[in-house]
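Structure file model.cif with mmCIF, C-alpha atoms:
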data_run
loop_
_atom_site.label_atom_id
_atom_site.label_comp_id
_atom_site.auth_asym_id
_atom_site.auth_seq_id
_atom_site.Cartn_x
_atom_site.Cartn_y
_atom_site.Cartn_z
CA MET A 1 28.23 -47.57 27.61
CA ILE A 2 24.45 -47.32 27.33
CA ASN A 3 23.03 -46.54 23.88
CA GLN A 4 19.51 -46.25 22.54
CA TYR A 5 18.88 -48.94 19.97
CA THR A 6 16.16 -50.18 17.68
CA PHE A 7 15.86 -53.93 17.23
CA TRP A 8 16.92 -53.66 13.59
CA LYS A 9 20.06 -51.72 14.51
CA LEU A 10 20.93 -54.37 17.09
CA LEU A 11 20.68 -57.19 14.53
CA THR A 12 22.57 -55.36 11.80
CA GLU A 13 25.53 -54.83 14.16
CA ARG A 14 25.71 -58.19 15.94
CA ARG A 15 24.31 -61.69 16.26
CA VAL A 16 21.87 -62.19 19.15
CA THR A 17 21.82 -65.65 20.70
CA ILE A 18 19.55 -66.65 23.58
CA PRO A 19 21.91 -68.78 25.70
CA ILE A 20 21.24 -72.27 27.02
CA ILE A 21 20.96 -71.13 30.63
CA GLN A 22 18.07 -68.78 29.83
CA ARG A 23 14.44 -69.84 30.22
CA ASP A 24 12.27 -70.76 27.28
CA TYR A 25 10.26 -67.97 25.71
CA ALA A 26 7.44 -67.27 28.16
CA GLN A 27 5.41 -64.28 26.91
CA GLY A 28 3.45 -66.57 24.62
CA ARG A 29 2.47 -69.09 27.27
CA GLU A 30 -1.12 -69.87 28.17
CA GLY A 31 -2.26 -67.67 31.01
CA LYS A 32 -0.11 -64.73 29.84
CA GLU A 33 -2.85 -63.16 27.71
CA TYR A 34 -2.94 -59.86 29.58
CA ILE A 35 0.85 -59.55 29.53
CA ARG A 36 0.78 -59.98 25.75
CA LYS A 37 -2.14 -57.58 25.41
CA ASN A 38 -0.45 -54.79 27.34
CA PHE A 39 2.88 -55.18 25.57
CA LEU A 40 1.44 -55.52 22.07
CA GLU A 41 -0.80 -52.49 22.57
CA GLN A 42 2.28 -50.44 23.41
CA LEU A 43 4.00 -51.64 20.23
CA GLY A 44 0.85 -51.02 18.18
CA GLN A 45 0.37 -47.49 19.48
CA ALA A 46 3.91 -46.65 18.43
CA LEU A 47 3.80 -48.42 15.06
CA PHE A 48 0.43 -46.96 14.01
CA SER A 49 1.05 -43.42 15.26
CA ASP A 50 1.70 -40.56 12.87
CA LYS A 51 5.40 -39.77 13.12
CA ASN A 52 4.75 -36.39 11.48
CA SER A 53 2.39 -35.30 14.25
CA LYS A 54 3.42 -32.80 16.92
CA ASP A 55 3.58 -35.58 19.51
CA PRO A 56 4.56 -38.86 17.80
CA ARG A 57 4.27 -41.92 20.01
CA VAL A 58 7.59 -43.48 21.01
CA VAL A 59 7.84 -46.61 23.16
CA GLU A 60 10.99 -47.12 25.22
CA LEU A 61 11.34 -50.73 26.34
CA ASP A 62 13.70 -50.07 29.25
CA PHE A 63 17.14 -51.74 29.37
CA VAL A 64 18.52 -54.73 27.50
CA TYR A 65 21.72 -56.19 28.97
CA GLY A 66 23.94 -58.58 27.09
CA THR A 67 27.36 -60.20 27.32
CA GLU A 68 29.34 -59.76 24.11
CA VAL A 69 32.03 -62.03 22.68
CA ARG A 70 33.86 -62.25 19.37
CA PRO A 71 33.75 -65.99 18.54
CA LYS A 72 35.90 -66.30 15.40
CA ALA A 73 35.86 -63.46 12.91
CA PRO A 74 37.25 -60.25 14.43
CA ASP A 75 34.45 -58.21 12.90
CA THR A 76 31.70 -60.48 14.22
CA ILE A 77 30.10 -59.64 17.56
CA GLU A 78 27.79 -62.12 19.26
CA MET A 79 25.56 -60.92 22.08
CA PHE A 80 24.05 -63.23 24.70
CA PRO A 81 21.09 -61.48 26.41
CA LEU A 82 21.22 -61.40 30.16
CA ASP A 83 18.06 -59.36 30.61
CA GLY A 84 15.55 -58.62 27.86
CA GLN A 85 15.16 -62.05 26.26
CA GLN A 86 11.36 -61.94 26.31
CA ARG A 87 11.10 -58.46 24.79
CA LEU A 88 13.71 -59.23 22.14
CA THR A 89 11.92 -62.42 21.09
CA THR A 90 8.59 -60.62 20.79
CA LEU A 91 10.23 -57.86 18.75
CA TRP A 92 11.81 -60.48 16.50
CA LEU A 93 8.39 -62.05 15.90
CA LEU A 94 6.89 -58.62 15.13
CA TYR A 95 9.67 -57.81 12.66
CA TRP A 96 9.41 -61.26 11.08
CA TYR A 97 5.63 -60.99 10.69
CA VAL A 98 5.73 -57.53 9.09
CA ALA A 99 8.61 -58.58 6.82
CA TYR A 100 6.61 -61.63 5.75
CA LYS A 101 3.37 -59.73 5.14
CA SER A 102 5.15 -56.91 3.29
CA GLY A 103 7.01 -59.29 0.99
CA GLN A 104 10.36 -58.12 2.38
CA LEU A 105 11.32 -61.41 4.03
CA PRO A 106 13.62 -62.62 1.18
CA LYS A 107 15.59 -59.35 1.36
CA SER A 108 15.74 -59.21 5.15
CA LYS A 109 16.05 -62.87 6.16
CA GLU A 110 19.84 -62.82 6.49
CA VAL A 111 19.57 -60.12 9.13
CA LEU A 112 16.64 -61.82 10.88
CA LYS A 113 18.59 -65.09 10.96
CA LYS A 114 21.11 -63.38 13.21
CA PHE A 115 18.65 -63.93 16.05
CA SER A 116 18.71 -67.47 17.40
CA TYR A 117 17.99 -69.72 20.37
CA GLU A 118 20.42 -72.13 22.03
CA THR A 119 17.86 -73.50 24.50
CA ARG A 120 16.86 -76.31 22.13
CA THR A 121 17.92 -77.32 18.64
CA SER A 122 14.28 -77.34 17.56
CA SER A 123 13.81 -73.70 18.62
CA ARG A 124 16.84 -72.64 16.61
CA ASP A 125 15.74 -74.60 13.55
CA PHE A 126 12.21 -73.18 13.80
CA CYS A 127 13.49 -69.58 13.72
CA GLU A 128 15.63 -70.34 10.68
CA LYS A 129 12.76 -72.04 8.85
CA LEU A 130 10.46 -69.09 9.48
CA CYS A 131 12.96 -66.82 7.74
CA ASP A 132 12.81 -69.03 4.62
CA LEU A 133 9.00 -69.14 4.51
CA SER A 134 7.58 -68.23 1.10
CA PHE A 135 4.88 -65.58 1.05
CA ASP A 136 1.30 -66.79 0.69
CA LYS A 137 -1.21 -64.10 -0.35
CA ASP A 138 -4.04 -66.11 1.15
CA ASP A 139 -5.54 -64.56 4.29
CA GLU A 140 -5.33 -67.89 6.10
CA PRO A 141 -4.18 -67.48 9.74
CA ILE A 142 -0.41 -67.28 9.94
CA VAL A 143 -0.10 -70.22 12.35
CA HIS A 144 -2.07 -72.45 9.95
CA ILE A 145 0.33 -71.48 7.16
CA ILE A 146 3.34 -72.29 9.33
CA LYS A 147 2.02 -75.65 10.52
CA ASP A 148 1.12 -76.64 6.95
CA GLN A 149 4.77 -76.45 5.90
CA THR A 150 6.51 -79.74 5.20
CA TRP A 151 9.38 -78.76 7.48
CA PHE A 152 7.13 -78.26 10.53
CA PHE A 153 7.44 -81.33 12.76
CA SER A 154 4.43 -82.25 14.90
CA THR A 155 6.78 -82.71 17.87
CA TRP A 156 7.58 -79.00 17.68
CA ASN A 157 4.16 -78.36 19.17
CA GLN A 158 5.62 -79.67 22.43
CA ASP A 159 8.62 -77.34 22.41
CA PRO A 160 7.81 -74.65 25.01
CA THR A 161 9.53 -71.87 23.04
CA ILE A 162 7.98 -72.78 19.69
CA SER A 163 4.46 -73.18 21.10
CA SER A 164 4.83 -69.81 22.84
CA MET A 165 6.03 -68.18 19.63
CA LEU A 166 3.05 -69.54 17.71
CA ARG A 167 0.68 -68.28 20.40
CA MET A 168 2.31 -64.85 20.35
CA LEU A 169 1.77 -64.72 16.60
CA SER A 170 -1.86 -65.83 16.63
CA GLY A 171 -3.13 -64.98 20.12
CA THR A 172 -5.83 -67.05 21.77
CA ASN A 173 -9.61 -67.24 21.73
CA ASN A 174 -9.95 -67.38 25.50
CA SER A 175 -11.53 -63.94 25.83
CA GLN A 176 -15.15 -63.11 25.00
CA ASP A 177 -13.95 -59.64 23.97
CA LYS A 178 -13.45 -59.75 20.20
CA ASN A 179 -11.18 -56.72 20.45
CA PHE A 180 -8.83 -58.45 22.90
CA ILE A 181 -5.41 -58.16 21.27
CA ASP A 182 -3.08 -60.84 22.60
CA GLY A 183 -1.38 -61.85 19.35
CA ILE A 184 0.67 -60.03 16.71
CA GLU A 185 -1.71 -61.03 13.92
CA LYS A 186 -4.57 -59.45 15.87
CA LEU A 187 -2.75 -56.10 15.87
CA PHE A 188 -3.45 -55.83 12.16
CA THR A 189 -7.14 -56.75 12.13
CA ASP A 190 -10.05 -54.40 11.65
CA LYS A 191 -11.29 -55.34 15.12
CA ASN A 192 -8.23 -53.68 16.65
CA LYS A 193 -9.24 -50.19 17.83
CA LEU A 194 -5.60 -49.10 17.62
CA PHE A 195 -5.53 -49.97 13.95
CA THR A 196 -7.23 -47.08 12.14
CA GLY A 197 -5.55 -47.12 8.75
CA LYS A 198 -5.20 -49.55 5.87
CA LYS A 199 -2.94 -52.57 6.08
CA ASP A 200 0.13 -50.88 4.66
CA PHE A 201 2.71 -53.50 5.59
CA PRO A 202 5.44 -52.05 3.31
CA GLN A 203 5.13 -48.76 5.21
CA TYR A 204 5.16 -50.55 8.56
CA TRP A 205 8.32 -52.36 7.51
CA LYS A 206 9.93 -49.11 6.43
CA THR A 207 9.08 -47.65 9.84
CA LEU A 208 10.50 -50.62 11.75
CA ILE A 209 13.86 -50.64 9.98
CA GLY A 210 14.22 -46.86 9.84
CA ASP A 211 16.54 -44.85 12.05
CA ASP A 212 13.52 -43.07 13.50
CA CYS A 213 11.68 -46.28 14.45
CA PRO A 214 9.39 -45.40 17.40
CA ILE A 215 10.17 -48.67 19.26
CA VAL A 216 13.49 -48.41 21.08
CA PHE A 217 15.35 -49.71 24.12
CA ASN A 218 18.51 -48.84 26.01
CA PHE A 219 21.24 -51.34 25.22
CA LEU A 220 24.05 -52.03 27.69
CA PRO A 221 26.75 -54.39 26.31
CA LEU A 222 28.85 -56.25 28.88
CA GLN A 223 32.28 -57.31 27.67
CA SER A 224 33.48 -60.81 28.53
CA SER A 225 36.37 -62.99 27.42
CA GLU A 226 35.12 -65.94 29.46
CA LEU A 227 31.68 -67.54 29.41
CA PRO A 228 29.01 -66.10 27.11
CA LEU A 229 26.93 -65.61 30.22
CA SER A 230 27.92 -65.61 33.86
CA ASP A 231 25.78 -68.05 35.85
CA ASP A 232 26.13 -66.00 39.05
CA LEU A 233 25.23 -62.76 37.28
CA TYR A 234 22.26 -64.40 35.57
CA ILE A 235 20.87 -65.70 38.87
CA LYS A 236 21.39 -62.35 40.59
CA MET A 237 19.64 -60.49 37.75
CA ASN A 238 16.71 -62.89 37.88
CA ALA A 239 16.35 -62.19 41.59
CA ARG A 240 14.90 -58.83 40.55
CA GLY A 241 11.88 -60.54 39.06
CA LYS A 242 10.31 -63.97 39.02
CA ALA A 243 12.35 -66.56 40.90
CA LEU A 244 13.98 -69.36 39.01
CA THR A 245 12.31 -72.76 39.20
CA ASP A 246 13.84 -75.57 41.24
CA PHE A 247 15.08 -77.29 38.11
CA GLU A 248 16.62 -74.08 36.77
CA ASN A 249 18.45 -73.47 40.04
CA PHE A 250 19.64 -77.09 40.11
CA LYS A 251 20.79 -76.89 36.49
CA ALA A 252 22.71 -73.66 37.13
CA ASP A 253 24.57 -75.29 40.04
CA LEU A 254 25.18 -78.43 38.01
CA ILE A 255 26.63 -76.31 35.21
CA ASP A 256 29.06 -74.72 37.68
CA TRP A 257 30.29 -78.19 38.65
CA ILE A 258 30.30 -79.49 35.08
CA TYR A 259 32.43 -76.61 33.80
CA GLN A 260 35.28 -78.08 35.83
CA GLU A 261 35.06 -81.21 33.70
CA GLU A 262 36.70 -81.65 30.31
CA LYS A 263 33.36 -82.41 28.61
CA GLY A 264 31.39 -79.69 30.34
CA VAL A 265 30.22 -77.76 27.29
CA ASP A 266 29.14 -80.92 25.44
CA PHE A 267 27.21 -82.06 28.50
CA ILE A 268 25.29 -78.78 28.78
CA SER A 269 24.30 -78.98 25.14
CA LEU A 270 23.05 -82.55 25.62
CA VAL A 271 20.98 -81.59 28.69
CA ASP A 272 19.20 -78.74 26.95
CA ASN A 273 18.76 -80.33 23.55
CA ASP A 274 19.09 -84.06 22.85
CA TRP A 275 18.12 -85.34 26.29
CA THR A 276 15.26 -82.91 26.78
CA ASP A 277 13.64 -84.26 23.61
CA ILE A 278 13.14 -87.61 25.35
CA PHE A 279 10.90 -86.04 28.01
CA TRP A 280 8.55 -84.21 25.68
CA LYS A 281 5.02 -84.86 26.91
CA LYS A 282 1.65 -83.43 26.00
CA ASP A 283 1.31 -82.04 29.50
CA HIS A 284 4.31 -79.71 28.94
CA HIS A 285 5.84 -80.75 32.30
CA ILE A 286 9.18 -81.46 30.66
CA ASP A 287 11.40 -79.90 33.34
CA ASP A 288 9.56 -81.61 36.20
CA THR A 289 9.91 -85.02 34.56
CA PHE A 290 13.53 -84.42 33.65
CA PHE A 291 14.39 -83.25 37.18
CA ALA A 292 12.64 -86.28 38.73
CA PHE A 293 14.64 -88.60 36.45
CA LEU A 294 17.96 -86.97 37.39
CA ASN A 295 17.09 -87.14 41.09
CA ARG A 296 16.40 -90.86 40.79
CA PHE A 297 19.71 -91.23 38.96
CA PHE A 298 21.64 -89.52 41.75
CA LEU A 299 19.79 -91.58 44.37
CA ASN A 300 20.72 -94.76 42.52
CA GLN A 301 24.39 -93.73 42.38
CA ALA A 302 24.42 -93.07 46.13
CA ILE A 303 22.88 -96.48 46.80
CA VAL A 304 25.22 -98.38 44.49
CA ASN A 305 28.35 -96.69 45.78
CA GLY A 306 27.87 -96.35 49.50
CA LEU A 307 24.54 -97.30 51.04
CA ASP A 308 24.90 -100.12 53.58
CA LYS A 309 22.26 -102.52 54.86
CA THR A 310 21.21 -100.16 57.65
CA GLY A 311 20.18 -97.55 55.12
CA LYS A 312 23.12 -95.25 55.88
CA SER A 313 25.42 -94.05 53.19
CA GLU A 314 29.11 -93.43 53.81
CA ILE A 315 29.34 -90.92 51.02
CA THR A 316 26.30 -88.95 52.16
CA GLU A 317 26.67 -89.19 55.92
CA GLY A 318 24.37 -86.75 57.69
CA LYS A 319 22.31 -86.15 54.56
CA ASP A 320 18.93 -87.69 53.86
CA ILE A 321 19.43 -89.03 50.34
CA TRP A 322 15.89 -90.44 50.28
CA THR A 323 14.55 -86.91 49.71
CA LEU A 324 15.76 -87.45 46.14
CA TYR A 325 12.99 -90.02 45.73
CA GLY A 326 10.23 -87.42 46.06
CA ASN A 327 8.34 -85.34 48.58
CA SER A 328 5.24 -87.50 48.78
CA SER A 329 3.78 -90.76 47.56
CA ASP A 330 1.88 -89.09 44.73
CA ASP A 331 4.47 -86.45 43.78
CA SER A 332 7.93 -87.31 42.49
CA ASN A 333 9.04 -83.67 42.39
CA VAL A 334 11.86 -82.75 44.74
CA LYS A 335 12.14 -79.37 46.42
CA TYR A 336 15.58 -78.07 45.53
CA LEU A 337 17.30 -76.52 48.57
CA SER A 338 20.99 -76.80 47.76
CA PHE A 339 23.50 -78.60 45.57
CA ASP A 340 25.33 -80.14 48.55
CA ILE A 341 23.98 -83.67 48.27
CA TYR A 342 24.49 -83.82 44.51
CA GLU A 343 28.02 -82.45 44.80
CA THR A 344 28.88 -85.05 47.46
CA ILE A 345 27.72 -87.86 45.17
CA LEU A 346 29.51 -86.40 42.14
CA ASP A 347 32.77 -85.88 44.04
CA SER A 348 32.59 -89.43 45.41
CA GLN A 349 32.11 -90.84 41.91
CA LYS A 350 34.99 -88.76 40.62
CA SER A 351 37.32 -89.90 43.41
CA LYS A 352 36.61 -93.52 42.44
CA GLY A 353 37.45 -92.85 38.81
CA GLN A 354 33.82 -93.14 37.72
CA ASN A 355 32.71 -90.66 35.06
CA VAL A 356 29.13 -89.68 35.87
CA LEU A 357 28.81 -87.85 32.59
CA GLU A 358 29.61 -90.97 30.60
CA LEU A 359 27.10 -92.95 32.67
CA LEU A 360 24.37 -90.46 31.81
CA GLU A 361 25.37 -90.43 28.14
CA ASN A 362 25.10 -94.22 28.00
CA ILE A 363 21.69 -94.21 29.73
CA PHE A 364 20.21 -91.61 27.39
CA ALA A 365 21.71 -93.33 24.37
CA ARG A 366 19.76 -96.48 25.33
CA LEU A 367 16.61 -94.48 25.99
CA LYS A 368 16.78 -92.92 22.53
CA ASP A 369 17.18 -96.35 20.96
#
Just dump the structure as structure tokens.
Amino acid sequence: MINQYTFWKLLTERRVTIPIIQRDYAQGREGKEYIRKNFLEQLGQALFSDKNSKDPRVVELDFVYGTEVRPKAPDTIEMFPLDGQQRLTTLWLLYWYVAYKSGQLPKSKEVLKKFSYETRTSSRDFCEKLCDLSFDKDDEPIVHIIKDQTWFFSTWNQDPTISSMLRMLSGTNNSQDKNFIDGIEKLFTDKNKLFTGKKDFPQYWKTLIGDDCPIVFNFLPLQSSELPLSDDLYIKMNARGKALTDFENFKADLIDWIYQEEKGVDFISLVDNDWTDIFWKKDHHIDDTFFAFLNRFFLNQAIVNGLDKTGKSEITEGKDIWTLYGNSSDDSNVKYLSFDIYETILDSQKSKGQNVLELLENIFARLKD
């Protein structure tokens, strides 16, 4: 059943967890300035409008789909967004910022903590730490305040979700237009043409948590007693918009195979958290590097277990396993076309009693040391 919800109503009724299979938060990425500007202007026009006027501004943010499960307590509902992750994260940042600036964060943090990320442990910890941030009356930029906290790790700057969240809060200085609003903090500056009144954050907070909040969306809960999020459904839904990257498609297929294994869930958590940390680079090409490493791993397994002196592999007959090495001499990235070659290697390992998951765990354990 479809219902119209405000973000606050959603959080008061259920926990919202961005699942592992979802992308990192993208609205705050570099190069997305105009996407942020357009979306934030919509939110600002609704938040700053006079609700007592004859034509109060209301913004409807389309549909939000989510799979719901009841993990432990019968009265606890956990929702895993299928579509709407980006909008929900931006709304969470807006609510957090206004709660912080209005001094209402201590009273509202338990509700705000019901929004979390599973994509990386660091992203989840960052959201929790923000909710515990003590108010500073200084007008120092909010990102400076956050990064000055003792709990903020420098490595968090390399987390794609955290860096995007910080950019959504502060905006960028890429535009020569001083009125260019591409950050939440910029919504509440005197340079913002939408902002015509005084900085009445307590009133803004009252508006956001009220039943008549002018920022709403249509919420469609999807019941499920199985996985928190169906891989097939996720991929089909994403086909409506931007295509998944090669690594995301590969990971989705790998997850399908892994779920047949006893340690599947643990493996997925390792891939998206502990092991990803190893590939953090300043160039932000974490997924490309990670995918290249896994391709080399699968190539090595094929060689060790079946490649003869002629260069032909019994376990991958008819398949060119050397494509796993890279597409060109200066590019180690592999174009992902199907999971066939990986599945052949995995099935061969399994038939020989070799646990590929344990091999990977041992390799990453040594890398971390």
query: Nearest to Ser116 (chain A): which of A:Arg23, A:Lys352, A:Arg15, A:Lys9 is it, counting only C-alpha atoms?
result: A:Arg15
- request: Evaluate the PyMOL selection byres ((chain A and resi 213-215) around 9) here and jot the selected residues down as a PyMOL selection string.
  value: chain A and resi 5-7+43+46-47+49+51+56-61+206-212+216-217
Please produce a file of those selected residues containing C-alpha atoms, as a CSV table (one decimal), in the frame of the given file.
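part-v3.csv, written as the output of this step:
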chain,number,residue,atom,x,y,z
A,5,TYR,CA,18.9,-48.9,20.0
A,6,THR,CA,16.2,-50.2,17.7
A,7,PHE,CA,15.9,-53.9,17.2
A,43,LEU,CA,4.0,-51.6,20.2
A,46,ALA,CA,3.9,-46.6,18.4
A,47,LEU,CA,3.8,-48.4,15.1
A,49,SER,CA,1.0,-43.4,15.3
A,51,LYS,CA,5.4,-39.8,13.1
A,56,PRO,CA,4.6,-38.9,17.8
A,57,ARG,CA,4.3,-41.9,20.0
A,58,VAL,CA,7.6,-43.5,21.0
A,59,VAL,CA,7.8,-46.6,23.2
A,60,GLU,CA,11.0,-47.1,25.2
A,61,LEU,CA,11.3,-50.7,26.3
A,206,LYS,CA,9.9,-49.1,6.4
A,207,THR,CA,9.1,-47.6,9.8
A,208,LEU,CA,10.5,-50.6,11.8
A,209,ILE,CA,13.9,-50.6,10.0
A,210,GLY,CA,14.2,-46.9,9.8
A,211,ASP,CA,16.5,-44.8,12.0
A,212,ASP,CA,13.5,-43.1,13.5
A,216,VAL,CA,13.5,-48.4,21.1
A,217,PHE,CA,15.4,-49.7,24.1
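Computed from the coordinates, the CA of Trp8 (chain A) to CA of Val111 (chain A) distance equals 8.3 Å.
Atom pair CA of Phe291 (chain A) / CA of Asp159 (chain A): separated by 16.9 Å.
Going from CA of Cys127 (chain A) over to CA of Phe115 (chain A), you cover 8.0 Å.
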Please provide as a PDB file with C-alpha atoms, keeping the file's coordinate frame all residues within 8 Å of Thr172 (chain A), with the sequence filter that same-chain residues fewer than 4 positions apart are discarded (counting all atoms listed in the file).
ATOM      1  CA  GLU A  33      -2.850 -63.160  27.710  1.00  0.00           C
ATOM      2  CA  ARG A 167       0.680 -68.280  20.400  1.00  0.00           C
ATOM      3  CA  ASP A 182      -3.080 -60.840  22.600  1.00  0.00           C
ATOM      4  CA  GLY A 183      -1.380 -61.850  19.350  1.00  0.00           C
TER       5      GLY A 183
END
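Residue nearest Phe297 (chain A), chosen from A:Met79, A:Val356, A:Leu93, A:Leu187 and counting all atoms listed in the file: A:Val356.
Within 10 Å of Tyr25 (chain A), once all atoms listed in the file are used and residues closer than 6 positions along the same chain are dropped, the contacting residues are Ile18, Gln85, Gln86, Arg87, Thr89, Thr90, Tyr117, Thr119, Ser123, Pro160, Thr161, Ile162, Ser163, Ser164 and Met165 of chain A.
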- prompt: Pick the closest to Met168 (chain A) from A:Thr155, A:Thr121, A:Asn305, A:Gln27: which is it, counting all atoms listed in the file?
  reply: A:Gln27
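If you measure from each of A:Lys186, A:Lys101, A:Arg296, A:Lys113 to Pro202 (chain A) using only C-alpha atoms, the closest one turns out to be A:Lys101.
Between Gln349 (chain A) and the candidates A:Thr150, A:Gln301, A:Ser102, A:Thr17, the tightest atom-to-atom separation, counting only C-alpha atoms, involves A:Gln301.
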A:Asp253, A:Gly84, A:Glu248, A:Gln158 ranked by distance to Asp288 (chain A), top pick (using only C-alpha atoms): A:Glu248
So that I can see what lies close to region 136-141 of chain A, please list as a CSV table (one decimal) with C-alpha atoms, in the coordinates of the input the residues with an atom at most 12 Å from it, counting only C-alpha atoms and leaving out residues fewer than 4 positions away in the same chain.
chain,number,residue,atom,x,y,z
A,97,TYR,CA,5.6,-61.0,10.7
A,100,TYR,CA,6.6,-61.6,5.8
A,101,LYS,CA,3.4,-59.7,5.1
A,102,SER,CA,5.2,-56.9,3.3
A,103,GLY,CA,7.0,-59.3,1.0
A,105,LEU,CA,11.3,-61.4,4.0
A,145,ILE,CA,0.3,-71.5,7.2
A,146,ILE,CA,3.3,-72.3,9.3
A,147,LYS,CA,2.0,-75.6,10.5
A,148,ASP,CA,1.1,-76.6,7.0
A,149,GLN,CA,4.8,-76.4,5.9
A,166,LEU,CA,3.0,-69.5,17.7
A,167,ARG,CA,0.7,-68.3,20.4
A,169,LEU,CA,1.8,-64.7,16.6
A,170,SER,CA,-1.9,-65.8,16.6
A,171,GLY,CA,-3.1,-65.0,20.1
A,183,GLY,CA,-1.4,-61.8,19.4
A,184,ILE,CA,0.7,-60.0,16.7
A,185,GLU,CA,-1.7,-61.0,13.9
A,186,LYS,CA,-4.6,-59.4,15.9
A,188,PHE,CA,-3.4,-55.8,12.2
A,189,THR,CA,-7.1,-56.8,12.1
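Neighbours of Pro81 (chain A) closer than or equal to 9 Å, with only C-alpha atoms counted and sequence neighbours fewer than 3 positions away skipped, come out as Val16, Thr17, Ile18, Pro19, Gln22, Val64, Tyr65, Gly66, Thr67, Glu68, Gly84, Gln85, Leu88 and Leu229 of chain A.
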task: With the file shown as input, list the residues that the PyMOL selection byres ((chain A and resi 293) around 12) selects, as an MDAnalysis selection string.
output: chainID A and resid 247 275:276 278:279 286:292 294:300 324:326 332:334 360 363:364
